[in-house]
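> Below you will find the structure I want to go over with you.
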Amino acid sequence: MKSRCLLILTSIVLSACVSGPEYQQPEHAIPDLWNTQLAAQAQARSAASPVLSSTDPSRLPIHREDAIKTDWWQVFNDPLLEKYIALASLENKDVLAARANLNIARAKRNETDAKHYPQVDARSSITRSGSSRSDEGSGSRRTEYTAGLDASWEIDFFGGIKRENEAAQARLEQSLVSQQAVLLATLSETARSYYTIRGVQKRIAIIHANIALQQSTFELIQNLFNMGEATEFDLTRAQAQLQLTKARLPDLDADLKSGIFRLSVLLGQQPETLMAEMLDSKPLPAPPDMVPVGLRSDILRRRPDVRIAERELAAATADIGVAIADLYPRFSLTGSVGRSASIFSDLFEADSNVFSIGPLLRWPVFQAGAIRANIKVQEAEADLAAIRYEQTVLNSLADAESALSRYAQKLKTTNSLKRALISNERSTELARLLYNSGEENFLSVLDAERELSNVKDALVISETDTILNLIALYAALGGGWELFASDDSAAHVLQD
């Protein structure tokens with residue numbers, strides 16, 4: 001008999017229909033070739049590869065030759081940066097908050113999963129009942145002791161619970177990708193802050209060198225002035241330029257300390273934690289001329305924002321099914337088993353057993369159009385999620401193309417400034433020679449030195465911006481979060 005009942009229930013469950021549309025992953029025919037000249041070599045290699053039209057974020061392969069480096073910060077060959085990157089992945093407060101949100105989403109998904117199984121509640125009560133005295137005689141009094149189990153199981157005949165579970169699963173995956181997005185942003189911001197500090201340190205070093213040079217020049221002019229071989233105009237101009245150069249230091253010192261404070265907080269530390277360690281200057285790395293950028297379609301698999309939008313679309317589609325299921329009846333099996341007696345000691349006797357079992361049907365008959373209105377709301381939400389997904393894809397492609405272009409152009413700017421620096425150094429040398437030979441006044445020397453100082457500073461700024469643009473490019477391509485997808489990976493890097 002039990003086997004027959006189980007077979008009947010299984011048949012009902014297996015024959016259940018599922019309400020709402022089935023989710024289909026969006027597809028895009030995205031050309032795999034980049035539009036930036038920086039990627040020309042990668043384009044030539046990628047042209048021989050088949051163009052991928054599917055945009056399933058979980059299935060797109062990484063191109064074997066041009067795939068972006070997962071541990072892109074290692075291209076800078078800076079062990080201290082690698083240590084900070086690993087520490088940020090473990091201790092950054094935004095990353096920790098994202099992990100907490102992931103745990104919340106996982107618990108909500110598990111809560112939804114529980115609806116697939118029977119719900120059993122234990123109960124126990126002592127009830128005293130009776131009536132007051134009446135004209136016919138004295139009132140009655142009765143005590144009833146009960147204990148038992150109540151069970152219910154909703155049969156998901158129209159798939160509402162299944163769709164609810166699909167939505168919860170999609171939002172759990174969305175929370176996972178959101179954690180990856182926070183991780184990617186944190187890693188890239190850590191690297192940006194680190195090299196912003198290094199750039200400021202290099203600018204400070206150049207200013208100190210200029211101050212030393214201009215101090216010696218001022219002393220030379222002062223000696224010439226004392227001997228009557230230089231004018232007061234030359235002396236005051238030399239002194240003014242020296243003071244102007246010194247005036248640039250306080251703001252840069254403030255920028256340096258502010259950057260160290262920010263970097264410390266990115267690592268989840270007190271603002272002053274890295275002050276001693278980061279005050280030792282290190283040179284800026286030489287950026288690569290070519291960057292492995294992979295295929296354009298890789299962005300749809302790698303970038304967390306695209307995958308977040310795709311998972312939100314999946315959840316919104318499942319929500320339509322949840323709303324449609326409210327139109328149909330809900331079937332449940334309910335039952336209870338226990339004991340009931342008027343005397344507590346009789347509660348344990350066999351003849352005090354009670355039980356009940358039977359089906360339960362609930363069907364909304366009149367809701368004044370609320371259910372169908374909710375269906376339209378969920379359908380509109382799904383349409384909105386689809387539009388947002390399409391917009392996110394377009395934004396991601398534009399972001400990556402722009403990052404490639406900015407990096408390529410900044411490389412050109414830096415190379416031009418390097419050539420300008422060579423010319424200005426020669427010009428300053430010639431101005432000094434002409435002044436010493438009496439063929440030029442000291443104003444030409446000051447102008448040459450000022451221009452040389454400006455070019456040196458512009459070059460450092462450009463070199464720093466080139467590094468920052470390279471980091472922004474890696475972030476735009478969506479790389480870096482994979483290496484620290486778990487705490488164990490980050491801990492392993494720190495141990496190494």
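The chains in the structure tokens are called A, B, ... from first to last as shown; in each chain the residues are counted from 1, and the ligands are counted from 1 in the order shown.
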If DSSP is run on the backbone, what residues of segment 76-135 of chain A are helix (DSSP H, G or I)? A reply as a CSV table (one decimal) with C-alpha atoms, in the first residue's frame would be ideal.

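After the write, result-v2.csv holds the following:
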chain,number,residue,atom,x,y,z
A,76,PHE,CA,55.4,44.9,-13.3
A,79,PRO,CA,57.1,41.6,-5.2
A,80,LEU,CA,55.8,44.3,-2.9
A,81,LEU,CA,52.9,45.1,-5.2
A,82,GLU,CA,52.1,41.3,-5.5
A,83,LYS,CA,52.1,41.1,-1.7
A,84,TYR,CA,49.7,44.1,-1.4
A,85,ILE,CA,47.4,42.6,-4.1
A,86,ALA,CA,47.2,39.3,-2.1
A,87,LEU,CA,46.6,41.1,1.1
A,88,ALA,CA,43.8,43.3,-0.4
A,89,SER,CA,42.0,40.2,-1.6
A,90,LEU,CA,41.9,38.9,1.9
A,91,GLU,CA,41.5,42.0,4.1
A,93,LYS,CA,36.5,45.6,3.8
A,94,ASP,CA,34.5,45.9,0.6
A,95,VAL,CA,35.7,42.4,-0.4
A,96,LEU,CA,34.7,41.1,3.0
A,97,ALA,CA,31.3,42.8,2.7
A,98,ALA,CA,30.8,41.2,-0.7
A,99,ARG,CA,31.5,37.8,0.8
A,100,ALA,CA,29.0,38.4,3.5
A,101,ASN,CA,26.4,39.3,0.9
A,102,LEU,CA,27.2,36.0,-0.9
A,103,ASN,CA,26.6,34.1,2.3
A,104,ILE,CA,23.2,35.9,2.6
A,105,ALA,CA,22.3,34.9,-1.0
A,106,ARG,CA,23.4,31.3,-0.4
A,107,ALA,CA,21.2,31.1,2.8
A,108,LYS,CA,18.2,32.5,0.8
A,109,ARG,CA,18.7,29.9,-1.9
A,110,ASN,CA,18.8,27.2,0.7
A,111,GLU,CA,15.6,28.6,2.3
A,112,THR,CA,13.9,28.3,-1.1
A,113,ASP,CA,15.2,24.8,-1.6
A,114,ALA,CA,13.5,23.7,1.6
A,115,LYS,CA,10.1,24.3,0.0
A,116,HIS,CA,10.6,21.2,-2.1
> Let me make sure I understand: among A:Leu274, A:Ala309, A:Leu477, A:Leu149, which one has the smallest atom-to-atom distance to Val177 of chain A if we use only C-alpha atoms?
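Result for the nearest residue to Val177 of chain A: A:Ala309.
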> Please return as a VMD selection string: the residues of segment 313-489 of chain A that backbone DSSP assigns to strand (DSSP E).
chain A and resid 330 to 341 353 to 362
> Between atom CA of Leu473 of chain A and atom CA of Ala400 of chain A, what is the distance in Å, rounded to a tenth?
6.6 Å
> Can you list, as a list in words, every protein, DNA or RNA residue that comes within 9 Å of Gln214 of chain A when you count only C-alpha atoms, leaving out same-chain residues fewer than 3 positions away?
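So, after excluding close chain neighbours, the residues are Ala209, Asn210, Ile211, Thr217, Phe218, Glu219, Ala238, Gln239, Gln241, Leu242, Thr245 and Glu449 of chain A.
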> Taking C-alpha atoms for each residue, export the selection above as a PDB file, in the first residue's frame.

ATOM      1  CA  ALA A 209      67.331  67.371  -7.957  1.00  0.00           C
ATOM      2  CA  ASN A 210      66.108  70.578  -9.608  1.00  0.00           C
ATOM      3  CA  ILE A 211      66.301  72.419  -6.296  1.00  0.00           C
ATOM      4  CA  THR A 217      72.976  78.232 -10.036  1.00  0.00           C
ATOM      5  CA  PHE A 218      71.694  80.847  -7.621  1.00  0.00           C
ATOM      6  CA  GLU A 219      74.925  80.700  -5.607  1.00  0.00           C
ATOM      7  CA  ALA A 238      67.426  82.898 -10.226  1.00  0.00           C
ATOM      8  CA  GLN A 239      66.124  83.273  -6.680  1.00  0.00           C
ATOM      9  CA  GLN A 241      62.818  80.248  -9.892  1.00  0.00           C
ATOM     10  CA  LEU A 242      64.410  78.439  -6.946  1.00  0.00           C
ATOM     11  CA  THR A 245      60.474  74.995  -7.482  1.00  0.00           C
ATOM     12  CA  GLU A 449      66.095  75.203 -16.978  1.00  0.00           C
TER      13      GLU A 449
END
> Hey, what's within 12 Å of Phe233 of chain A if we count only C-alpha atoms and toss same-chain stuff fewer than 6 positions away? As an MDAnalysis selection string, please?
chainID A and resid 221:222 225 239:240 441:443 446
> Could you save those same residues with N, CA and C atoms as a short mmCIF file (atom, residue, chain, number, x, y, z; two decimals), in the first residue's frame?

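Output file selection34.cif is given in full below:
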data_model
loop_
_atom_site.label_atom_id
_atom_site.label_comp_id
_atom_site.auth_asym_id
_atom_site.auth_seq_id
_atom_site.Cartn_x
_atom_site.Cartn_y
_atom_site.Cartn_z
N ILE A 221 75.33 82.77 -9.48
CA ILE A 221 74.93 84.12 -9.89
C ILE A 221 75.20 85.13 -8.77
N GLN A 222 74.98 84.68 -7.54
CA GLN A 222 75.23 85.58 -6.41
C GLN A 222 76.71 85.96 -6.33
N PHE A 225 77.36 88.33 -9.09
CA PHE A 225 76.79 89.63 -8.77
C PHE A 225 77.68 90.39 -7.79
N GLN A 239 66.71 83.53 -7.99
CA GLN A 239 66.12 83.27 -6.68
C GLN A 239 64.63 82.95 -6.79
N ALA A 240 63.91 83.66 -7.66
CA ALA A 240 62.48 83.42 -7.84
C ALA A 240 62.22 82.01 -8.37
N ASN A 441 72.22 86.21 -22.41
CA ASN A 441 72.02 86.65 -21.03
C ASN A 441 71.49 85.49 -20.19
N PHE A 442 71.41 85.73 -18.87
CA PHE A 442 71.03 84.65 -17.96
C PHE A 442 69.56 84.25 -18.11
N LEU A 443 68.77 85.12 -18.70
CA LEU A 443 67.35 84.81 -18.89
C LEU A 443 67.16 83.56 -19.75
N LEU A 446 67.68 80.54 -17.53
CA LEU A 446 66.52 80.29 -16.67
C LEU A 446 65.36 79.68 -17.45
#
> Quick one: of A:Leu411, A:Leu333, A:Ala476, A:Leu252, who's nearest to Ala185 of chain A, counting only C-alpha atoms?
A:Ala476
> For each of A:Val75, A:Ala448, A:Glu27, A:Arg237, take the minimum atom-to-atom distance to Leu434 of chain A, counting only C-alpha atoms, then give the residue where this is smallest.
A:Ala448
> So which one's closest to Arg388 of chain A, A:Ile471, A:Asp150, A:Ile308, A:Ile207? Using only C-alpha atoms, please.
A:Ile308
> For a quick check of understanding, using only C-alpha atoms, which of A:Arg163, A:Lys418, A:Lys410, A:Arg432 has the smallest distance to Pro288 of chain A?
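Looking only at the distances to Pro288 of chain A, the closest residue turns out to be A:Lys410.
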> Write out as a PyMOL selection string each polymer residue whose atoms come within 12 Å of Ile461 of chain A, counting only C-alpha atoms; drop sequence neighbours fewer than 2 positions from it.
chain A and resi 195-204+206+284+410+413-414+417-418+454-459+463-469
> Extract, using only C-alpha atoms, all DNA, RNA and protein residues at most 9 Å from Ser444 of chain A, discarding same-chain residues fewer than 6 positions from it, and format them as a VMD selection string.
chain A and resid 428 431 to 432 435
> Can I get the selection written as a PDB file, in the first residue's frame, with all heavy atoms?

ATOM      1  N   THR A 428      69.407  73.142 -22.616  1.00  0.00           N
ATOM      2  CA  THR A 428      69.877  73.725 -21.349  1.00  0.00           C
ATOM      3  C   THR A 428      71.400  73.769 -21.311  1.00  0.00           C
ATOM      4  O   THR A 428      72.015  74.751 -20.857  1.00  0.00           O
ATOM      5  CB  THR A 428      69.346  72.904 -20.165  1.00  0.00           C
ATOM      6  OG1 THR A 428      67.919  72.874 -20.210  1.00  0.00           O
ATOM      7  CG2 THR A 428      69.782  73.504 -18.843  1.00  0.00           C
ATOM      8  N   ALA A 431      72.513  76.602 -23.547  1.00  0.00           N
ATOM      9  CA  ALA A 431      72.231  77.906 -22.944  1.00  0.00           C
ATOM     10  C   ALA A 431      73.291  78.261 -21.912  1.00  0.00           C
ATOM     11  O   ALA A 431      73.723  79.420 -21.809  1.00  0.00           O
ATOM     12  CB  ALA A 431      70.841  77.899 -22.307  1.00  0.00           C
ATOM     13  N   ARG A 432      73.718  77.283 -21.129  1.00  0.00           N
ATOM     14  CA  ARG A 432      74.769  77.533 -20.146  1.00  0.00           C
ATOM     15  C   ARG A 432      76.091  77.891 -20.827  1.00  0.00           C
ATOM     16  O   ARG A 432      76.823  78.802 -20.385  1.00  0.00           O
ATOM     17  CB  ARG A 432      74.952  76.307 -19.258  1.00  0.00           C
ATOM     18  CG  ARG A 432      73.817  76.112 -18.242  1.00  0.00           C
ATOM     19  CD  ARG A 432      74.061  74.863 -17.396  1.00  0.00           C
ATOM     20  NE  ARG A 432      73.061  74.734 -16.351  1.00  0.00           N
ATOM     21  CZ  ARG A 432      73.094  75.358 -15.190  1.00  0.00           C
ATOM     22  NH1 ARG A 432      74.116  76.182 -14.915  1.00  0.00           N
ATOM     23  NH2 ARG A 432      72.140  75.194 -14.286  1.00  0.00           N
ATOM     24  N   TYR A 435      75.862  81.389 -22.208  1.00  0.00           N
ATOM     25  CA  TYR A 435      75.909  82.399 -21.139  1.00  0.00           C
ATOM     26  C   TYR A 435      77.328  82.554 -20.603  1.00  0.00           C
ATOM     27  O   TYR A 435      77.801  83.677 -20.377  1.00  0.00           O
ATOM     28  CB  TYR A 435      74.958  81.989 -20.008  1.00  0.00           C
ATOM     29  CG  TYR A 435      75.056  82.897 -18.810  1.00  0.00           C
ATOM     30  CD1 TYR A 435      74.520  84.181 -18.834  1.00  0.00           C
ATOM     31  CD2 TYR A 435      75.717  82.464 -17.651  1.00  0.00           C
ATOM     32  CE1 TYR A 435      74.623  85.024 -17.734  1.00  0.00           C
ATOM     33  CE2 TYR A 435      75.823  83.301 -16.546  1.00  0.00           C
ATOM     34  CZ  TYR A 435      75.274  84.570 -16.588  1.00  0.00           C
ATOM     35  OH  TYR A 435      75.391  85.407 -15.492  1.00  0.00           O
TER      36      TYR A 435
END
> Quick one: of A:Arg426, A:Arg141, A:Lys162, A:Arg450, who's nearest to Ala325 of chain A, counting only C-alpha atoms?
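Using only C-alpha atoms, the shortest distance to Ala325 of chain A belongs to A:Lys162.
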